2 protein chains.
Amino acid sequence: MKKSDVIRAVFHSLLQEAPNKVWQPQHEKGLGFAPTNIALCKYWGKRDIELNLPMTSSLSIALPDKGALTSVSLHDQSYDRIILNDQEVVRDSAFAVRTSQFLDLFRPQKTGYLQIDIKMNIPVAAGLASSACGFASLVSALNDLFDWKLKKQSLSILARLGSGSAARSFWNGFVEWYAGVRPDGMDSFGEPLAFEWPELCVGILTMSEVEKPISSREAMQRTVNSSLLYGSWPKKVAQDLAILKQAMQVTNFPLLGGTAESNALTMHATMLSSWPPVCYFMPETIAAMHKIWKSRKEGLELYFTQDAGPNLKLLFLEQDKEQVQQLFPSVDIVKVFE
Amino acid sequence: MKKSDVIRAVFHSLLQEAPNKVWQPQHEKGLGFAPTNIALCKYWGKRDIELNLPMTSSLSIALPDKGALTSVSLHDQSYDRIILNDQEVVRDSAFAVRTSQFLDLFRPQKTGYLQIDIKMNIPVAAGLASSACGFASLVSALNDLFDWKLKKQSLSILARLGSGSAARSFWNGFVEWYAGVRPDGMDSFGEPLAFEWPELCVGILTMSEVEKPISSREAMQRTVNSSLLYGSWPKKVAQDLAILKQAMQVTNFPLLGGTAESNALTMHATMLSSWPPVCYFMPETIAAMHKIWKSRKEGLELYFTQDAGPNLKLLFLEQDKEQVQQLFPSVDIVKVFE
């Protein structure tokens, strides 16, 4: 069975109730918002490239007021028109092609093109999970436009087909994305975890809003194919997932922060051991890390995580907010539970 | 059997011919020079801490005119007096204690203290293998002073007991240090490889001569004890050793350089995945790496390796010397075969 047929079968099994209304607008516009998410235990490596099925489960926190708001409507052109932050996206850009190919997975052949208007309040493709909240908000907007009435778990499966980590962008708070075991990916979706941690803060430390030199998609594949250390990654994830849940259960912040930091560094370690090497560290990234380690030695409970980009995301508790602001005056602080 | 007894047995079996002259000077002074060495395939992790027995074999090139010149003579004080680059070393410093403890392995109890004069033309403890050439030159000087007439292979075993990588500092050119399999380490020594590569250049790029925040000894142990990625390191070394020898055999410089760079990055990767993380990268280190990768994309055959310190060692061929100097005006270039 071809992968595109697997995807179509998945789609139709999710939409059982409304097979004939798949691509028929029920309103003029569909709207969807999705928060971006920061993984505390990373998604790094696929077991199925076309279905975006991950090698391992992963765990994230959402940033409730950072993300993407997408509006979609059918239009009568023979192409998708994408407007990102009020700027029309060039039709043969990688971003536009990827979005259209994603829509092609579901819509009737050569018809049903869309006008897509995306507003994001985070930098695009700079390691802040713009594609995660982008695809999640797009799928939510389609669900609204066509009135599919899908539950979030199903939306998570569909969004995953566009960008793996989009599977986690449908909820606030802590979310786990289950790797699942099925070849069709019907058991690989996000689910919210029943933990709240009102004191938890995330600080976004932007070193560079420049688009990254290598996409996370490509970097991930290169790691899986060429890093001899990658074989140990699933073991690391299994251990870290268990410890993170334990840390939430007993509200042990150093355990949560330290595990998240170690998980991120280990992901970057697998990239450094790839060939050609993949290095998202910039000089500013390393300078900030040393500053964090120094403050921690001096007693501040400050940890970080880093995704496929040069920026760091700081993890700390509200009580230390002022100290963190003194250390990094440009930090953008987000309260996770509010 | 206690480890100190194993070491004494090793020592006496090497000195079979002269058991009574072990610590009796045959001249007024003993002299020894040892070149520093740069590993192309790193030594990272011990299977026996006291005997400095490595988990894996390793492979280096010597820098023929960079290293340590050591002179030793017996003196009548009840402690070892160490002079490093014309400065007396404080008696209870880590360096002095480590050196005296090494000498205690061999000399008669509470007697035979030495005056040790070391001159090094590389920075100390900044990741330029100062302890490798330091211990190798000390053992050579002892061999001279006491007229042990040991061959280099035996000197390599003795120096290894002071600092693992000292086992490789007795020859010019390419040297392999065999991990060996014996518990007493009698088969864990260096041996020169019969390859010459006259065009090969090493460029020392000094970012910082500041002493490193964590010794390689400690960093190595932390990696072995806490990094989940370390389990894959021996596989990486086995692969890289085979490729490096292949590259020498067929004089394929990109293969040699790329393998050395990947090996170094993978070693640093295992450190990043330790807890607490070990990071010898400084902002300047990362900036230089990105500069090297950019030049390589533009066609320059320039690679690097990095040890337990922030400095990089560039690898290139003589034909590219001027381009490398333009790129890094402060580089200190060493021809390896001359």
# chains A, B, ... in the order shown; residues from 1 in each chain; ligands from 1
>>> interface_residues(of="chain A", to="chain B", cutoff="8 Å", atoms="only C-alpha atoms", output="PyMOL selection string")
chain A and resi 228-233+235-236+262-263+265-266+268-270+272-275+277+281-287
>>> select_by_dssp(residues="segment 5-176 of chain B", states="helix (DSSP H, G or I)", output="JSON, numbers by chain")
{"B": [5, 6, 7, 8, 9, 10, 11, 12, 13, 14, 94, 95, 96, 97, 98, 99, 100, 101, 102, 103, 104, 130, 131, 132, 133, 134, 135, 136, 137, 138, 139, 140, 141, 142, 143, 144, 145, 152, 153, 154, 155, 156, 157, 158, 159, 160, 164, 165, 166, 167, 168]}
>>> write_last_selection(atoms="C-alpha atoms", output="CSV table (one decimal), in the first residue's frame")
chain,number,residue,atom,x,y,z
B,5,ASP,CA,51.5,-3.9,44.0
B,6,VAL,CA,50.4,-4.5,40.4
B,7,ILE,CA,52.2,-1.4,39.4
B,8,ARG,CA,55.4,-2.3,41.3
B,9,ALA,CA,55.3,-5.8,39.7
B,10,VAL,CA,55.0,-4.2,36.3
B,11,PHE,CA,57.9,-1.8,37.0
B,12,HIS,CA,60.1,-4.6,38.3
B,13,SER,CA,59.4,-6.9,35.4
B,14,LEU,CA,60.4,-4.1,33.0
B,94,ALA,CA,47.4,19.4,42.4
B,95,PHE,CA,50.2,19.3,39.9
B,96,ALA,CA,53.0,18.8,42.4
B,97,VAL,CA,51.0,16.2,44.4
B,98,ARG,CA,50.2,14.2,41.2
B,99,THR,CA,53.8,14.2,40.1
B,100,SER,CA,55.1,13.1,43.5
B,101,GLN,CA,52.5,10.4,43.8
B,102,PHE,CA,53.6,9.1,40.4
B,103,LEU,CA,57.2,9.0,41.6
B,104,ASP,CA,56.1,7.2,44.8
B,130,SER,CA,50.8,19.3,28.6
B,131,SER,CA,50.5,16.3,31.0
B,132,ALA,CA,51.2,13.9,28.1
B,133,CYS,CA,54.5,15.4,27.2
B,134,GLY,CA,55.2,16.3,30.8
B,135,PHE,CA,55.0,12.7,32.1
B,136,ALA,CA,56.7,11.3,29.0
B,137,SER,CA,59.7,13.6,29.3
B,138,LEU,CA,59.8,12.9,33.1
B,139,VAL,CA,60.0,9.1,32.5
B,140,SER,CA,62.7,9.6,29.8
B,141,ALA,CA,64.7,11.8,32.2
B,142,LEU,CA,64.4,9.1,34.9
B,143,ASN,CA,65.5,6.5,32.4
B,144,ASP,CA,68.5,8.6,31.7
B,145,LEU,CA,69.4,9.5,35.3
B,152,LYS,CA,60.5,3.2,24.4
B,153,GLN,CA,57.7,0.7,24.6
B,154,SER,CA,58.5,0.2,28.3
B,155,LEU,CA,58.8,3.9,28.9
B,156,SER,CA,55.4,4.3,27.3
B,157,ILE,CA,53.9,1.8,29.8
B,158,LEU,CA,55.5,3.7,32.8
B,159,ALA,CA,54.5,7.2,31.5
B,160,ARG,CA,50.9,5.9,30.9
B,164,GLY,CA,47.2,8.0,29.8
B,165,SER,CA,48.0,10.0,26.6
B,166,ALA,CA,51.7,10.2,27.7
B,167,ALA,CA,51.9,6.7,26.3
B,168,ARG,CA,51.8,8.2,22.8
>>> residues_around(residues="Ala129 of chain A", least_positions_apart="4", cutoff="12 Å", atoms="only C-alpha atoms", output="PyMOL selection string")
chain A and resi 34-39+42-43+60-63+66-68+120-125+133-136+163-169+215-217+306-309+311+313
>>> closest_residue(among="A:Pro54, A:Gly203, A:Gly112, A:Gly299", to="Pro183 of chain A", atoms="only C-alpha atoms")
A:Pro54
>>> residues_around(residues="Leu53 of chain B", least_positions_apart="5", cutoff="8 Å", atoms="only C-alpha atoms", output="list of chain:residue names")
B:Lys46, B:Arg47, B:Asp48, B:Gly164, B:Ala179, B:Gly185, B:Ser188
>>> write_last_selection(atoms="C-alpha atoms", output="short mmCIF file (atom, residue, chain, number, x, y, z; two decimals), in the first residue's frame")
data_model
loop_
_atom_site.label_atom_id
_atom_site.label_comp_id
_atom_site.auth_asym_id
_atom_site.auth_seq_id
_atom_site.Cartn_x
_atom_site.Cartn_y
_atom_site.Cartn_z
CA LYS B 46 39.23 4.35 31.38
CA ARG B 47 38.60 0.72 32.13
CA ASP B 48 41.02 0.92 35.08
CA GLY B 164 47.17 8.04 29.78
CA ALA B 179 44.19 -0.43 24.64
CA GLY B 185 48.42 -3.13 31.38
CA SER B 188 48.80 -1.14 26.73
#
>>> closest_residue(among="B:Phe337, B:Trp148, B:Gly45, B:Gln87", to="Asn172 of chain B", atoms="only C-alpha atoms")
B:Phe337
